[in-house]
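Scroll down for the structure; my scribbles are underneath it.
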Amino acid sequence: MSEKITSTLRMRMSAADAHYGGALVDGAKMLQLFGDVATELLIKADGDEGLFKAYNLVEFMAPVYAGDFIEVYGEITEMGNSSRKMRFEARKVIVPRADISPSAADVLEQPQVVCIAEGTCVTPKANQRK
């Protein structure tokens, strides 16, 4: 693998994403976003969506709430015959400031890491177009 293959997406957590009291977002939402990034990584690498096989590490570092903007980054760290090892990081980059007004928000000077993960995806040889 000569050139690093990466993907980044950013989205706002909505009230529909809040699953617990206090507008807390379920940690599984971060894994869903990692899956979206993994799909893009596989398309870039292989021209195919491939399959997510397993996570070998998931760490939740900080809570995520409705209204937070989350930036999700992923990269392929190793390419086998059909397996692709990846690492992911989700960062909180904007937070709502309901204490000021219902529409106030702050861009964080330093993004806050909320979740990290490592996993393996597979693109069957027959599906690889690159």
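Each chain in the structure tokens gets a letter, A, B and so on, in the order shown; residues start at 1 in every chain, and ligands are counted from 1 in the order they appear.
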Extract, using only C-alpha atoms, all DNA, RNA and protein residues at most 12 Å from Gly50 (chain A), discarding same-chain residues fewer than 2 positions from it, and format them as a PDB file with N, CA, C and O atoms, in the first residue's frame.
```pdb
ATOM      1  N   GLY A  35     -18.756   2.192  10.493  1.00  0.00           N
ATOM      2  CA  GLY A  35     -19.136   1.314   9.392  1.00  0.00           C
ATOM      3  C   GLY A  35     -19.284   2.075   8.087  1.00  0.00           C
ATOM      4  O   GLY A  35     -18.878   1.596   7.022  1.00  0.00           O
ATOM      5  N   ASP A  36     -19.860   3.290   8.147  1.00  0.00           N
ATOM      6  CA  ASP A  36     -19.988   4.118   6.943  1.00  0.00           C
ATOM      7  C   ASP A  36     -18.619   4.507   6.399  1.00  0.00           C
ATOM      8  O   ASP A  36     -18.378   4.475   5.189  1.00  0.00           O
ATOM      9  N   ALA A  38     -15.818   2.845   6.929  1.00  0.00           N
ATOM     10  CA  ALA A  38     -15.202   1.613   6.425  1.00  0.00           C
ATOM     11  C   ALA A  38     -15.684   1.305   5.011  1.00  0.00           C
ATOM     12  O   ALA A  38     -14.887   0.915   4.148  1.00  0.00           O
ATOM     13  N   THR A  39     -16.964   1.517   4.756  1.00  0.00           N
ATOM     14  CA  THR A  39     -17.513   1.268   3.418  1.00  0.00           C
ATOM     15  C   THR A  39     -16.828   2.160   2.395  1.00  0.00           C
ATOM     16  O   THR A  39     -16.428   1.698   1.320  1.00  0.00           O
ATOM     17  N   GLU A  40     -16.672   3.442   2.724  1.00  0.00           N
ATOM     18  CA  GLU A  40     -15.989   4.348   1.788  1.00  0.00           C
ATOM     19  C   GLU A  40     -14.538   3.918   1.579  1.00  0.00           C
ATOM     20  O   GLU A  40     -14.038   3.947   0.456  1.00  0.00           O
ATOM     21  N   LEU A  41     -13.867   3.518   2.646  1.00  0.00           N
ATOM     22  CA  LEU A  41     -12.476   3.075   2.522  1.00  0.00           C
ATOM     23  C   LEU A  41     -12.369   1.879   1.571  1.00  0.00           C
ATOM     24  O   LEU A  41     -11.473   1.826   0.727  1.00  0.00           O
ATOM     25  N   LEU A  42     -13.287   0.927   1.701  1.00  0.00           N
ATOM     26  CA  LEU A  42     -13.259  -0.253   0.838  1.00  0.00           C
ATOM     27  C   LEU A  42     -13.553   0.104  -0.618  1.00  0.00           C
ATOM     28  O   LEU A  42     -12.930  -0.436  -1.529  1.00  0.00           O
ATOM     29  N   ILE A  43     -14.481   1.026  -0.824  1.00  0.00           N
ATOM     30  CA  ILE A  43     -14.768   1.462  -2.192  1.00  0.00           C
ATOM     31  C   ILE A  43     -13.535   2.125  -2.792  1.00  0.00           C
ATOM     32  O   ILE A  43     -13.175   1.864  -3.947  1.00  0.00           O
ATOM     33  N   LYS A  44     -12.853   2.963  -2.019  1.00  0.00           N
ATOM     34  CA  LYS A  44     -11.631   3.611  -2.513  1.00  0.00           C
ATOM     35  C   LYS A  44     -10.544   2.587  -2.819  1.00  0.00           C
ATOM     36  O   LYS A  44      -9.821   2.714  -3.807  1.00  0.00           O
ATOM     37  N   ALA A  45     -10.411   1.588  -1.951  1.00  0.00           N
ATOM     38  CA  ALA A  45      -9.334   0.603  -2.109  1.00  0.00           C
ATOM     39  C   ALA A  45      -9.643  -0.456  -3.157  1.00  0.00           C
ATOM     40  O   ALA A  45      -8.753  -0.870  -3.896  1.00  0.00           O
ATOM     41  N   ASP A  46     -10.913  -0.904  -3.212  1.00  0.00           N
ATOM     42  CA  ASP A  46     -11.246  -2.090  -4.001  1.00  0.00           C
ATOM     43  C   ASP A  46     -12.339  -1.884  -5.049  1.00  0.00           C
ATOM     44  O   ASP A  46     -12.596  -2.795  -5.827  1.00  0.00           O
ATOM     45  N   GLY A  47     -13.015  -0.736  -5.007  1.00  0.00           N
ATOM     46  CA  GLY A  47     -14.145  -0.561  -5.919  1.00  0.00           C
ATOM     47  C   GLY A  47     -15.346  -1.399  -5.516  1.00  0.00           C
ATOM     48  O   GLY A  47     -16.206  -1.692  -6.334  1.00  0.00           O
ATOM     49  N   ASP A  48     -15.434  -1.773  -4.235  1.00  0.00           N
ATOM     50  CA  ASP A  48     -16.519  -2.611  -3.744  1.00  0.00           C
ATOM     51  C   ASP A  48     -16.747  -2.293  -2.269  1.00  0.00           C
ATOM     52  O   ASP A  48     -15.799  -1.961  -1.551  1.00  0.00           O
ATOM     53  N   PHE A  52     -17.797  -5.848   6.742  1.00  0.00           N
ATOM     54  CA  PHE A  52     -17.114  -5.632   8.022  1.00  0.00           C
ATOM     55  C   PHE A  52     -17.092  -6.963   8.748  1.00  0.00           C
ATOM     56  O   PHE A  52     -18.124  -7.557   8.994  1.00  0.00           O
ATOM     57  N   LYS A  53     -15.893  -7.447   9.064  1.00  0.00           N
ATOM     58  CA  LYS A  53     -15.750  -8.762   9.690  1.00  0.00           C
ATOM     59  C   LYS A  53     -15.783  -8.681  11.214  1.00  0.00           C
ATOM     60  O   LYS A  53     -16.512  -9.420  11.858  1.00  0.00           O
ATOM     61  N   SER A  82      -7.380 -10.285   0.955  1.00  0.00           N
ATOM     62  CA  SER A  82      -8.765  -9.808   0.901  1.00  0.00           C
ATOM     63  C   SER A  82      -9.145  -9.034   2.162  1.00  0.00           C
ATOM     64  O   SER A  82     -10.171  -8.373   2.183  1.00  0.00           O
ATOM     65  N   SER A  83      -8.319  -9.106   3.189  1.00  0.00           N
ATOM     66  CA  SER A  83      -8.616  -8.385   4.431  1.00  0.00           C
ATOM     67  C   SER A  83      -7.983  -6.996   4.425  1.00  0.00           C
ATOM     68  O   SER A  83      -6.933  -6.779   3.821  1.00  0.00           O
ATOM     69  N   ARG A  84      -8.668  -6.067   5.075  1.00  0.00           N
ATOM     70  CA  ARG A  84      -8.177  -4.695   5.228  1.00  0.00           C
ATOM     71  C   ARG A  84      -8.325  -4.322   6.700  1.00  0.00           C
ATOM     72  O   ARG A  84      -9.444  -4.250   7.214  1.00  0.00           O
ATOM     73  N   THR A 120     -11.399  -5.136  11.200  1.00  0.00           N
ATOM     74  CA  THR A 120     -11.005  -5.782   9.959  1.00  0.00           C
ATOM     75  C   THR A 120     -12.212  -5.910   9.047  1.00  0.00           C
ATOM     76  O   THR A 120     -13.283  -6.347   9.479  1.00  0.00           O
ATOM     77  N   CYS A 121     -12.010  -5.530   7.804  1.00  0.00           N
ATOM     78  CA  CYS A 121     -13.022  -5.697   6.761  1.00  0.00           C
ATOM     79  C   CYS A 121     -12.462  -6.637   5.702  1.00  0.00           C
ATOM     80  O   CYS A 121     -11.252  -6.823   5.609  1.00  0.00           O
ATOM     81  N   VAL A 122     -13.361  -7.211   4.918  1.00  0.00           N
ATOM     82  CA  VAL A 122     -12.957  -8.150   3.877  1.00  0.00           C
ATOM     83  C   VAL A 122     -13.652  -7.781   2.571  1.00  0.00           C
ATOM     84  O   VAL A 122     -14.851  -7.515   2.557  1.00  0.00           O
ATOM     85  N   THR A 123     -12.876  -7.757   1.505  1.00  0.00           N
ATOM     86  CA  THR A 123     -13.431  -7.653   0.159  1.00  0.00           C
ATOM     87  C   THR A 123     -13.042  -8.934  -0.566  1.00  0.00           C
ATOM     88  O   THR A 123     -11.855  -9.155  -0.838  1.00  0.00           O
ATOM     89  N   PRO A 124     -14.009  -9.801  -0.847  1.00  0.00           N
ATOM     90  CA  PRO A 124     -13.672 -11.045  -1.540  1.00  0.00           C
ATOM     91  C   PRO A 124     -12.907 -10.757  -2.839  1.00  0.00           C
ATOM     92  O   PRO A 124     -13.193  -9.785  -3.521  1.00  0.00           O
ATOM     93  N   LYS A 125     -11.937 -11.605  -3.144  1.00  0.00           N
ATOM     94  CA  LYS A 125     -11.093 -11.424  -4.336  1.00  0.00           C
ATOM     95  C   LYS A 125     -11.942 -11.211  -5.593  1.00  0.00           C
ATOM     96  O   LYS A 125     -11.619 -10.376  -6.427  1.00  0.00           O
ATOM     97  N   ALA A 126     -13.020 -11.958  -5.711  1.00  0.00           N
ATOM     98  CA  ALA A 126     -13.869 -11.871  -6.913  1.00  0.00           C
ATOM     99  C   ALA A 126     -14.535 -10.506  -7.046  1.00  0.00           C
ATOM    100  O   ALA A 126     -14.940 -10.129  -8.150  1.00  0.00           O
ATOM    101  N   ASN A 127     -14.623  -9.755  -5.941  1.00  0.00           N
ATOM    102  CA  ASN A 127     -15.290  -8.437  -5.969  1.00  0.00           C
ATOM    103  C   ASN A 127     -14.307  -7.281  -6.099  1.00  0.00           C
ATOM    104  O   ASN A 127     -14.720  -6.138  -6.274  1.00  0.00           O
ATOM    105  N   GLN A 128     -13.013  -7.557  -5.957  1.00  0.00           N
ATOM    106  CA  GLN A 128     -12.013  -6.492  -6.022  1.00  0.00           C
ATOM    107  C   GLN A 128     -11.835  -6.042  -7.473  1.00  0.00           C
ATOM    108  O   GLN A 128     -11.547  -6.845  -8.336  1.00  0.00           O
ATOM    109  N   ARG A 129     -12.028  -4.750  -7.699  1.00  0.00           N
ATOM    110  CA  ARG A 129     -11.892  -4.207  -9.048  1.00  0.00           C
ATOM    111  C   ARG A 129     -10.678  -3.313  -9.192  1.00  0.00           C
ATOM    112  O   ARG A 129     -10.429  -2.767 -10.245  1.00  0.00           O
TER     113      ARG A 129
END
```
DSSP strand (DSSP E) residues within chain A, as an NGL selection string: :A and (6-12 or 18-20 or 24-25 or 51-60 or 69-79 or 83-96 or 105-122)
Got a sec: who's within 8 Å of Thr6 (chain A), counting only C-alpha atoms, leaving out chain neighbours fewer than 6 positions off, as a list in words?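 Surrounding residues, per the criterion: Leu41, Tyr73, Gly74, Glu75 and Ile76 of chain A.
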Write out as number ranges by chain which residues come within 12 Å of Ala16 (chain A) when counting only C-alpha atoms, dropping same-chain ones fewer than 2 positions away. A: 12-14, 18-20, 23-26, 29, 65-67
Atomic separation - CA of Glu89 (chain A) relative to CA of Asp106 (chain A), Å: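 CA of Asp106 (chain A) sits 20.8 Å away from CA of Glu89 (chain A).
Shortest atom-to-atom contact with Thr8 (chain A) among A:Ser103, A:Pro111, A:Phe88, A:Val58: A:Phe88, counting only C-alpha atoms.
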Within 12 Å of Ala104 (chain A) using only C-alpha atoms, minus same-chain residues under 3 positions, as an mmCIF file with N, CA and C atoms, in the first residue's frame:
```cif
data_model
loop_
_atom_site.group_PDB
_atom_site.id
_atom_site.type_symbol
_atom_site.label_atom_id
_atom_site.label_comp_id
_atom_site.auth_asym_id
_atom_site.auth_seq_id
_atom_site.Cartn_x
_atom_site.Cartn_y
_atom_site.Cartn_z
ATOM 1 N N GLY A 67 -27.128 17.228 19.315
ATOM 2 C CA GLY A 67 -26.628 18.571 19.044
ATOM 3 C C GLY A 67 -25.135 18.634 18.839
ATOM 4 N N ASP A 68 -24.399 17.618 19.306
ATOM 5 C CA ASP A 68 -22.947 17.580 19.080
ATOM 6 C C ASP A 68 -22.662 17.303 17.605
ATOM 7 N N ILE A 94 -18.019 20.323 17.595
ATOM 8 C CA ILE A 94 -18.908 21.441 17.921
ATOM 9 C C ILE A 94 -19.883 20.958 18.986
ATOM 10 N N VAL A 95 -20.165 21.812 19.967
ATOM 11 C CA VAL A 95 -21.123 21.467 21.025
ATOM 12 C C VAL A 95 -22.195 22.547 21.118
ATOM 13 N N PRO A 96 -23.436 22.132 21.414
ATOM 14 C CA PRO A 96 -24.498 23.127 21.604
ATOM 15 C C PRO A 96 -24.289 23.880 22.911
ATOM 16 N N ARG A 97 -24.790 25.104 22.971
ATOM 17 C CA ARG A 97 -24.695 25.925 24.191
ATOM 18 C C ARG A 97 -26.084 26.415 24.580
ATOM 19 N N ALA A 98 -26.937 25.469 24.964
ATOM 20 C CA ALA A 98 -28.308 25.795 25.366
ATOM 21 C C ALA A 98 -28.350 26.722 26.574
ATOM 22 N N ASP A 99 -27.236 26.777 27.334
ATOM 23 C CA ASP A 99 -27.177 27.681 28.486
ATOM 24 C C ASP A 99 -27.154 29.148 28.052
ATOM 25 N N ILE A 100 -26.782 29.407 26.790
ATOM 26 C CA ILE A 100 -26.736 30.769 26.253
ATOM 27 C C ILE A 100 -28.037 31.080 25.510
ATOM 28 N N SER A 101 -28.398 30.188 24.585
ATOM 29 C CA SER A 101 -29.657 30.305 23.852
ATOM 30 C C SER A 101 -29.939 28.963 23.185
ATOM 31 N N VAL A 107 -17.534 26.020 18.534
ATOM 32 C CA VAL A 107 -16.546 25.156 17.899
ATOM 33 C C VAL A 107 -15.464 24.915 18.947
#
```
Need to verify the contact set: Gly119 (chain A), 8 Å, only C-alpha atoms, exclusion of same-chain residues closer than 5 positions in sequence. Can you return it as an MDAnalysis selection string? chainID A and resid 52:57 85:87
Step one, run DSSP on the backbone; step two, keep only residues of region 14-69 of chain A assigned to helix (DSSP H, G or I); then write them as a PyMOL selection string. chain A and resi 15-17+21-23+28-46
